[in-house]
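To be precise, the following lines are final-v1.cif, and they hold mmCIF, C-alpha atoms.
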data_entry
#
loop_
_atom_site.label_atom_id
_atom_site.label_comp_id
_atom_site.auth_asym_id
_atom_site.auth_seq_id
_atom_site.Cartn_x
_atom_site.Cartn_y
_atom_site.Cartn_z
CA MET A 1 0.00 0.00 0.00
CA ARG A 2 1.16 3.54 -0.65
CA HIS A 3 2.56 5.64 2.19
CA ASN A 4 1.53 9.19 2.96
CA LYS A 5 1.03 11.59 5.86
CA ASN A 6 -2.67 10.79 6.00
CA ILE A 7 -2.21 7.33 7.43
CA ALA A 8 -3.73 6.90 10.89
CA LEU A 9 -2.79 3.25 11.41
CA SER A 10 -0.64 0.82 9.47
CA VAL A 11 -0.56 -2.92 9.91
CA LYS A 12 2.44 -4.75 8.47
CA ASP A 13 2.68 -8.50 8.00
CA LEU A 14 0.58 -9.22 11.09
CA LYS A 15 0.33 -12.80 12.34
CA THR A 16 -1.96 -13.71 15.23
CA TYR A 17 -2.09 -17.37 16.25
CA PHE A 18 -4.41 -19.18 18.67
CA TYR A 19 -3.17 -22.17 20.65
CA THR A 20 -5.57 -24.86 21.87
CA ASN A 21 -4.93 -28.51 22.80
CA ASN A 22 -1.44 -28.49 21.31
CA ARG A 23 -2.83 -27.24 18.01
CA CYS A 24 -2.25 -23.88 16.38
CA ASN A 25 -4.84 -21.88 14.43
CA LYS A 26 -3.14 -19.26 12.24
CA ALA A 27 -6.17 -16.97 12.45
CA VAL A 28 -4.38 -13.96 10.95
CA ASN A 29 -1.49 -15.01 8.77
CA GLY A 30 0.51 -12.13 7.32
CA VAL A 31 -1.95 -9.24 6.89
CA SER A 32 -0.88 -5.73 5.79
CA PHE A 33 -3.03 -2.63 5.25
CA ASP A 34 -3.25 1.09 6.02
CA ILE A 35 -6.21 3.01 7.41
CA GLU A 36 -6.22 6.61 6.20
CA LYS A 37 -7.53 9.65 8.08
CA GLY A 38 -11.02 10.63 6.97
CA LYS A 39 -11.42 7.44 4.91
CA THR A 40 -13.26 4.16 5.40
CA LEU A 41 -11.46 0.87 4.88
CA CYS A 42 -13.93 -2.00 4.50
CA VAL A 43 -12.60 -5.45 5.36
CA VAL A 44 -14.76 -8.06 3.64
CA GLY A 45 -14.95 -11.84 3.76
CA GLU A 46 -16.95 -14.85 4.92
CA SER A 47 -17.38 -15.70 8.60
CA GLY A 48 -14.23 -17.16 10.11
CA CYS A 49 -11.73 -15.56 7.76
CA GLY A 50 -9.96 -13.50 10.46
CA LYS A 51 -11.67 -10.10 10.23
CA SER A 52 -12.70 -9.81 13.89
CA VAL A 53 -9.40 -11.28 15.11
CA THR A 54 -7.56 -8.54 13.17
CA ALA A 55 -9.70 -5.91 14.92
CA SER A 56 -9.19 -7.50 18.36
CA THR A 57 -5.43 -7.63 17.72
CA ILE A 58 -5.31 -3.89 16.97
CA MET A 59 -7.23 -3.22 20.20
CA GLN A 60 -5.06 -5.74 22.15
CA LEU A 61 -8.24 -7.52 23.24
CA LEU A 62 -7.13 -11.05 22.44
CA PRO A 63 -7.94 -14.11 24.58
CA THR A 64 -5.16 -15.47 26.79
CA LEU A 65 -4.24 -18.45 24.59
CA SER A 66 -3.33 -16.31 21.63
CA ARG A 67 -0.42 -14.13 20.71
CA ILE A 68 0.94 -11.81 18.05
CA GLU A 69 3.68 -13.90 16.45
CA GLU A 70 5.03 -11.37 14.01
CA GLY A 71 4.35 -8.03 12.41
CA GLU A 72 3.76 -4.44 13.41
CA ILE A 73 0.73 -2.33 14.25
CA ILE A 74 1.82 1.30 14.04
CA PHE A 75 -0.53 3.98 15.34
CA HIS A 76 0.38 7.43 14.00
CA LYS A 77 -0.55 9.67 16.92
CA ASP A 78 0.05 13.36 16.17
CA ASN A 79 3.75 13.33 15.32
CA GLU A 80 4.80 10.11 17.03
CA LYS A 81 4.56 6.47 16.03
CA ILE A 82 3.32 4.00 18.61
CA ASN A 83 3.94 0.28 18.11
CA ILE A 84 0.78 -1.19 19.59
CA GLU A 85 2.02 -4.80 19.40
CA LYS A 86 4.82 -3.93 21.85
CA LEU A 87 2.51 -2.44 24.50
CA GLU A 88 1.36 -4.49 27.45
CA ARG A 89 -2.18 -5.79 26.86
CA ASN A 90 -3.74 -4.13 29.87
CA GLY A 91 -0.96 -1.69 30.66
CA LYS A 92 -1.52 2.02 31.27
CA GLU A 93 -0.48 3.10 27.74
CA MET A 94 -2.80 0.66 26.01
CA ARG A 95 -5.73 1.60 28.25
CA GLU A 96 -5.17 5.27 27.46
CA ILE A 97 -5.26 4.61 23.70
CA ARG A 98 -8.23 2.23 23.90
CA GLY A 99 -11.46 4.18 23.99
CA SER A 100 -10.02 7.64 23.39
CA ASP A 101 -7.75 7.39 20.32
CA ILE A 102 -8.93 4.05 18.98
CA ALA A 103 -12.50 2.98 19.72
CA MET A 104 -14.35 -0.16 18.74
CA ILE A 105 -18.01 -0.96 18.12
CA PHE A 106 -18.51 -4.64 18.84
CA GLN A 107 -20.66 -7.05 16.88
CA ASP A 108 -23.01 -7.98 19.72
CA PRO A 109 -24.06 -5.11 22.00
CA MET A 110 -25.56 -7.47 24.57
CA THR A 111 -22.18 -8.96 25.44
CA ALA A 112 -20.37 -5.61 25.15
CA LEU A 113 -22.67 -3.69 27.51
CA ASN A 114 -22.56 -4.61 31.19
CA PRO A 115 -26.08 -5.56 32.39
CA VAL A 116 -25.53 -4.40 35.99
CA TYR A 117 -24.70 -0.77 35.18
CA THR A 118 -26.94 1.86 33.60
CA VAL A 119 -26.19 2.79 30.00
CA GLY A 120 -25.42 6.36 31.07
CA PHE A 121 -22.87 5.15 33.64
CA GLN A 122 -21.07 3.07 31.00
CA ILE A 123 -20.79 5.97 28.54
CA ALA A 124 -19.82 8.39 31.34
CA GLU A 125 -17.05 6.04 32.48
CA ASN A 126 -15.29 6.50 29.15
CA LEU A 127 -15.53 10.31 29.45
CA LYS A 128 -14.41 10.24 33.09
CA TYR A 129 -11.31 8.22 32.23
CA HIS A 130 -10.25 10.08 29.09
CA THR A 131 -11.38 13.72 29.59
CA THR A 132 -11.17 16.46 32.23
CA LEU A 133 -14.90 17.26 32.21
CA SER A 134 -16.77 17.84 35.50
CA LYS A 135 -19.47 15.45 36.71
CA LYS A 136 -22.22 17.76 35.46
CA GLU A 137 -20.58 18.21 32.04
CA ILE A 138 -20.10 14.46 31.69
CA ARG A 139 -23.80 13.85 32.34
CA GLU A 140 -24.80 16.58 29.86
CA LYS A 141 -22.48 15.16 27.21
CA THR A 142 -23.77 11.61 27.81
CA ILE A 143 -27.37 12.77 27.29
CA ARG A 144 -26.29 14.71 24.18
CA LEU A 145 -24.55 11.63 22.76
CA LEU A 146 -27.67 9.49 23.25
CA ASP A 147 -29.73 12.25 21.63
CA ASP A 148 -27.31 12.39 18.67
CA MET A 149 -27.74 8.66 18.24
CA GLY A 150 -31.49 9.16 17.87
CA ILE A 151 -32.46 7.55 21.19
CA PRO A 152 -35.84 8.97 22.30
CA LEU A 153 -36.17 10.65 25.75
CA PRO A 154 -32.39 10.59 26.41
CA GLU A 155 -32.75 12.39 29.81
CA GLN A 156 -34.81 9.43 31.02
CA ARG A 157 -33.03 6.66 29.08
CA VAL A 158 -29.62 7.64 30.42
CA ASP A 159 -30.52 6.10 33.79
CA GLU A 160 -31.94 2.86 32.38
CA TYR A 161 -30.23 -0.53 32.15
CA PRO A 162 -29.32 -2.29 28.88
CA HIS A 163 -32.16 -4.85 29.23
CA SER A 164 -34.77 -2.13 28.83
CA TYR A 165 -33.26 -1.03 25.50
CA SER A 166 -34.27 -2.69 22.23
CA GLY A 167 -31.54 -4.34 20.09
CA GLY A 168 -31.20 -1.30 17.84
CA MET A 169 -31.02 1.08 20.81
CA ARG A 170 -28.34 -1.03 22.50
CA GLN A 171 -26.29 -0.89 19.34
CA ARG A 172 -26.69 2.91 19.25
CA ALA A 173 -25.69 3.14 22.90
CA MET A 174 -22.55 1.13 22.02
CA ILE A 175 -21.82 3.56 19.19
CA ALA A 176 -22.40 6.54 21.53
CA MET A 177 -19.83 4.99 23.87
CA ALA A 178 -17.33 4.51 21.05
CA MET A 179 -17.82 8.03 19.71
CA ALA A 180 -17.78 9.73 23.12
CA CYS A 181 -14.15 10.89 22.88
CA ASN A 182 -14.13 11.58 19.09
CA PRO A 183 -11.61 8.80 18.41
CA LYS A 184 -8.98 9.19 15.71
CA ILE A 185 -9.71 5.62 14.58
CA LEU A 186 -13.05 3.83 14.81
CA ILE A 187 -13.14 0.06 14.32
CA ALA A 188 -16.67 -1.14 13.61
CA ASP A 189 -17.11 -4.91 13.67
CA GLU A 190 -20.32 -5.56 11.69
CA PRO A 191 -22.08 -2.79 13.63
CA THR A 192 -25.45 -3.29 11.97
CA THR A 193 -25.76 -7.07 11.65
CA ALA A 194 -28.76 -7.37 13.97
CA LEU A 195 -30.51 -4.17 12.91
CA ASP A 196 -33.25 -3.40 10.43
CA VAL A 197 -32.42 -1.48 7.28
CA THR A 198 -33.68 1.97 8.33
CA ILE A 199 -31.64 1.92 11.54
CA GLN A 200 -28.70 0.58 9.54
CA ALA A 201 -28.86 3.61 7.23
CA GLN A 202 -28.96 5.99 10.21
CA ILE A 203 -25.94 4.36 11.86
CA PHE A 204 -23.90 4.56 8.66
CA GLU A 205 -24.87 8.22 8.38
CA LEU A 206 -23.61 8.81 11.94
CA MET A 207 -20.31 7.15 11.07
CA ASP A 208 -20.07 9.20 7.89
CA ASN A 209 -20.57 12.42 9.87
CA LEU A 210 -17.81 11.41 12.28
CA LYS A 211 -15.53 10.92 9.29
CA LYS A 212 -16.40 14.31 7.78
CA ASN A 213 -16.49 16.38 10.97
CA TYR A 214 -13.54 14.89 12.85
CA ASN A 215 -11.44 13.36 10.04
CA THR A 216 -11.80 9.98 11.77
CA ALA A 217 -10.28 6.93 10.11
CA ILE A 218 -12.79 4.07 10.01
CA MET A 219 -12.17 0.35 9.67
CA LEU A 220 -15.49 -1.30 8.91
CA ILE A 221 -15.74 -5.09 9.06
CA THR A 222 -18.63 -6.49 7.06
CA HIS A 223 -19.72 -9.28 4.75
CA ASP A 224 -22.38 -7.18 3.05
CA MET A 225 -21.18 -6.09 -0.38
CA GLY A 226 -23.99 -3.50 -0.56
CA VAL A 227 -22.58 -1.74 2.50
CA VAL A 228 -19.12 -1.81 0.91
CA ALA A 229 -20.39 -0.22 -2.31
CA GLU A 230 -22.05 2.56 -0.34
CA LEU A 231 -19.45 3.40 2.29
CA ALA A 232 -15.97 2.19 1.36
CA ASP A 233 -13.12 4.36 0.14
CA ASN A 234 -10.74 1.39 0.23
CA VAL A 235 -11.49 -2.33 0.37
CA ALA A 236 -9.49 -5.32 1.65
CA VAL A 237 -10.87 -8.79 0.84
CA MET A 238 -9.87 -11.37 3.42
CA TYR A 239 -9.85 -15.14 3.19
CA MET A 240 -8.48 -17.63 5.76
CA GLY A 241 -6.22 -15.10 7.48
CA ASN A 242 -4.80 -13.47 4.33
CA ILE A 243 -5.78 -10.41 2.37
CA VAL A 244 -6.30 -11.75 -1.15
CA GLU A 245 -7.19 -8.48 -2.88
CA SER A 246 -7.08 -4.84 -1.86
CA GLY A 247 -7.47 -1.46 -3.48
CA THR A 248 -9.83 1.47 -3.78
CA ALA A 249 -13.54 0.64 -3.75
CA ASP A 250 -13.61 1.38 -7.47
CA ASP A 251 -10.74 -1.05 -8.16
CA VAL A 252 -12.20 -3.93 -6.20
CA LEU A 253 -15.90 -3.55 -7.04
CA ARG A 254 -15.60 -2.56 -10.71
CA ARG A 255 -12.56 -4.66 -11.57
CA PRO A 256 -12.64 -7.65 -9.20
CA THR A 257 -9.69 -9.84 -10.14
CA HIS A 258 -9.27 -12.48 -7.46
CA PRO A 259 -11.58 -15.51 -7.98
CA TYR A 260 -12.79 -15.12 -4.37
CA THR A 261 -13.76 -11.45 -4.83
CA LYS A 262 -15.55 -12.34 -8.06
CA ALA A 263 -17.36 -15.20 -6.28
CA LEU A 264 -18.43 -12.90 -3.42
CA LEU A 265 -19.87 -10.37 -5.87
CA ASP A 266 -21.59 -13.09 -7.94
CA SER A 267 -23.41 -14.33 -4.84
CA VAL A 268 -25.17 -10.96 -4.30
CA PRO A 269 -28.51 -10.29 -6.02
CA VAL A 270 -28.63 -7.07 -8.07
CA LEU A 271 -31.59 -4.72 -7.64
CA GLY A 272 -33.66 -4.33 -10.80
CA ARG A 273 -32.66 -7.58 -12.50
CA GLY A 274 -35.76 -9.38 -11.32
CA ARG A 275 -36.19 -12.93 -10.13
CA ASP A 276 -34.51 -14.59 -13.12
CA GLN A 277 -31.00 -13.43 -12.31
CA ASP A 278 -28.35 -16.06 -11.82
CA ILE A 279 -27.05 -15.93 -8.23
CA LYS A 280 -24.11 -18.29 -7.81
CA PRO A 281 -23.18 -19.52 -4.35
CA ILE A 282 -19.47 -20.08 -3.69
CA LYS A 283 -18.86 -23.80 -4.01
CA GLY A 284 -17.58 -25.77 -1.03
CA SER A 285 -17.03 -24.23 2.38
CA THR A 286 -14.16 -22.60 4.27
CA PRO A 287 -11.54 -25.19 5.25
CA ASP A 288 -10.86 -26.33 8.81
CA PRO A 289 -8.34 -23.80 10.21
CA TYR A 290 -6.39 -26.69 11.79
CA ASP A 291 -6.22 -28.61 8.53
CA ARG A 292 -5.54 -26.02 5.87
CA PRO A 293 -4.89 -26.63 2.18
CA ILE A 294 -1.28 -26.15 1.08
CA GLY A 295 -0.48 -23.03 -0.92
CA CYS A 296 -3.35 -20.75 -1.91
CA GLN A 297 -6.10 -21.16 0.69
CA PHE A 298 -8.88 -20.61 -1.84
CA ALA A 299 -7.57 -23.20 -4.33
CA PRO A 300 -9.92 -26.10 -3.35
CA ARG A 301 -12.95 -23.89 -4.15
CA CYS A 302 -11.50 -22.15 -7.20
CA ASN A 303 -12.40 -22.80 -10.86
CA TRP A 304 -8.99 -21.54 -12.01
CA ARG A 305 -6.94 -23.90 -9.91
CA THR A 306 -3.72 -25.38 -11.38
CA GLU A 307 -0.68 -27.11 -9.85
CA SER A 308 1.04 -23.74 -9.37
CA CYS A 309 -1.59 -22.97 -6.69
CA ASP A 310 0.09 -25.46 -4.34
CA ILE A 311 2.54 -22.64 -3.58
CA MET A 312 1.18 -19.58 -1.76
CA PRO A 313 1.15 -16.73 -4.32
CA GLU A 314 3.04 -13.51 -3.60
CA ILE A 315 1.32 -10.12 -3.66
CA SER A 316 1.26 -8.60 -7.17
CA ASN A 317 0.41 -5.03 -8.13
CA ILE A 318 -2.20 -4.61 -10.86
CA SER A 319 -2.04 -0.82 -10.55
CA GLU A 320 -0.66 1.71 -8.09
CA THR A 321 -3.62 1.17 -5.74
CA HIS A 322 -4.76 -2.36 -6.62
CA GLU A 323 -2.99 -5.42 -5.12
CA ILE A 324 -3.77 -9.09 -5.49
CA ARG A 325 -2.52 -12.45 -4.22
CA CYS A 326 -3.17 -14.89 -7.07
CA HIS A 327 -1.07 -16.84 -9.62
CA LYS A 328 -3.71 -16.68 -12.35
CA TYR A 329 -4.72 -13.04 -12.08
CA LYS A 330 -3.43 -12.05 -15.54
CA GLU A 331 -5.70 -14.61 -17.24
CA ILE A 332 -8.65 -13.69 -15.02
CA PHE A 333 -8.01 -9.97 -15.50
CA GLN A 334 -8.20 -10.32 -19.29
CA TYR A 335 -11.25 -12.53 -18.99
#

Go through the file and emit its structure as structure tokens.
Amino acid sequence: MRHNKNIALSVKDLKTYFYTNNRCNKAVNGVSFDIEKGKTLCVVGESGCGKSVTASTIMQLLPTLSRIEEGEIIFHKDNEKINIEKLERNGKEMREIRGSDIAMIFQDPMTALNPVYTVGFQIAENLKYHTTLSKKEIREKTIRLLDDMGIPLPEQRVDEYPHSYSGGMRQRAMIAMAMACNPKILIADEPTTALDVTIQAQIFELMDNLKKNYNTAIMLITHDMGVVAELADNVAVMYMGNIVESGTADDVLRRPTHPYTKALLDSVPVLGRGRDQDIKPIKGSTPDPYDRPIGCQFAPRCNWRTESCDIMPEISNISETHEIRCHKYKEIFQY
């Protein structure tokens, strides 16, 4: 990826492995990307391909039986570079970054919100830890945040517990918590999976405003290609712990070159084509992470497979912004 002053976070050759019962799952296996200020990077792929683990690694929120084997996570804070992978998981420095500079919206708000504290308390805690506001100002800001998220009667709702919120409202409360300190980087892990489409549109609008007003860099994890088309500036397609294709949204969506990217796009119905359109599911299923194919991970499901695919392909550049990891991309590209 190209380097410029606008980069908020760069990940270089990141490897995160999980260890269970003397077996090793290479959940993230050599991933590199940059998140730019004021831009949205969408990370796309099927369930289990390492998207959420990448996000948890950046936040240093990994389970105990896992570790960062290799690679760098460099956070560009003002004029200094902070190597996140070298910080202690729950040390003072990491806790200061987490929540104020880099915030995360989790996939399931019910597990991310604590049921024994009011929603207002949980948002206020973030402000108390990371700002110098007085008690009164914190309460006012908490109510304002809930109001901004479109939660009705915020003065009353601020003192209620998560169980009295609907699913969509819990998700908004989570987003209010993440946005409380105007983070420089927002990591959103499928923030709208459980929500209906109208709420989904509102939440994406909120994230878009954060990007425009505060120049926030956003990393959005999703498997919805429609969301990618609407929101992404840059796209990284992930499969079995590797990024197989990356580039601007235009590159990846208009000129998909990796067989996996093409397969993902072919499996999405297109509005206006009616019921006769040919929607092709991706054949086979993702391999067992403990028993991976040799070489290219997508090879067993790929129509272009040849013997050369038994060796993991290197990253090739199609253009200045468009990168791909595939042996056959020249033939596919012409096709």

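You can rank A:Glu190, A:Asp34, A:Asp13, A:Asp101 by their closest distance to Gly247 in chain A using all atoms listed in the file, and at the top of that list sits A:Asp34.
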
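Across A:Thr132, A:Ser267, A:Thr20, A:Ser10, the tightest approach to Arg67 in chain A is made by A:Thr20 when counting only C-alpha atoms.
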
Which residues match the PyMOL selection byres ((chain A and resi 11) around 7) in the file above, as an mmCIF file with C-alpha atoms, in the frame of the given file?
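The resulting file, out-v8.cif, is reproduced below:
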data_model
loop_
_atom_site.group_PDB
_atom_site.id
_atom_site.type_symbol
_atom_site.label_atom_id
_atom_site.label_comp_id
_atom_site.auth_asym_id
_atom_site.auth_seq_id
_atom_site.Cartn_x
_atom_site.Cartn_y
_atom_site.Cartn_z
ATOM 1 C CA LEU A 9 -2.790 3.250 11.410
ATOM 2 C CA SER A 10 -0.640 0.820 9.470
ATOM 3 C CA LYS A 12 2.440 -4.750 8.470
ATOM 4 C CA ASP A 13 2.680 -8.500 8.000
ATOM 5 C CA LEU A 14 0.580 -9.220 11.090
ATOM 6 C CA SER A 32 -0.880 -5.730 5.790
ATOM 7 C CA PHE A 33 -3.030 -2.630 5.250
ATOM 8 C CA ASP A 34 -3.250 1.090 6.020
ATOM 9 C CA GLU A 72 3.760 -4.440 13.410
ATOM 10 C CA ILE A 73 0.730 -2.330 14.250
ATOM 11 C CA ILE A 74 1.820 1.300 14.040
#

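What the PyMOL selection byres ((chain A and resi 222) around 10) picks from this file is Cys42, Val43, Val44, Gly45, Glu46, Ser47, Lys51, Ser52, Ala188, Asp189, Glu190, Pro191, Thr192, Thr193, Met219, Leu220, Ile221, His223, Asp224, Met225, Gly226, Val227 and Val228 of chain A.
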
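Using all atoms listed in the file, the shortest contact distance between Asn22 in chain A and any of A:Leu133, A:Ile218, A:Leu264, A:Tyr290 is found at A:Tyr290.
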
*Rounded to one decimal place, report the CA of Ala176 in chain A-CA of Leu145 in chain A distance in Å.*
5.7 Å

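Once the PyMOL selection byres ((chain A and resi 282) around 6) is applied to this file, the selection holds A:Ala263, A:Pro281, A:Lys283.
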
*asked:* I need the residue nearest Met94 in chain A from this list: A:Tyr239, A:Trp304, A:Phe298, A:Phe75. Use all atoms listed in the file for the distance.
replied: A:Phe75

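Distances to Ala8 in chain A were evaluated for A:Gly150, A:Gly99, A:Pro183, A:Gly71 using only C-alpha atoms, and the minimum falls at A:Pro183.
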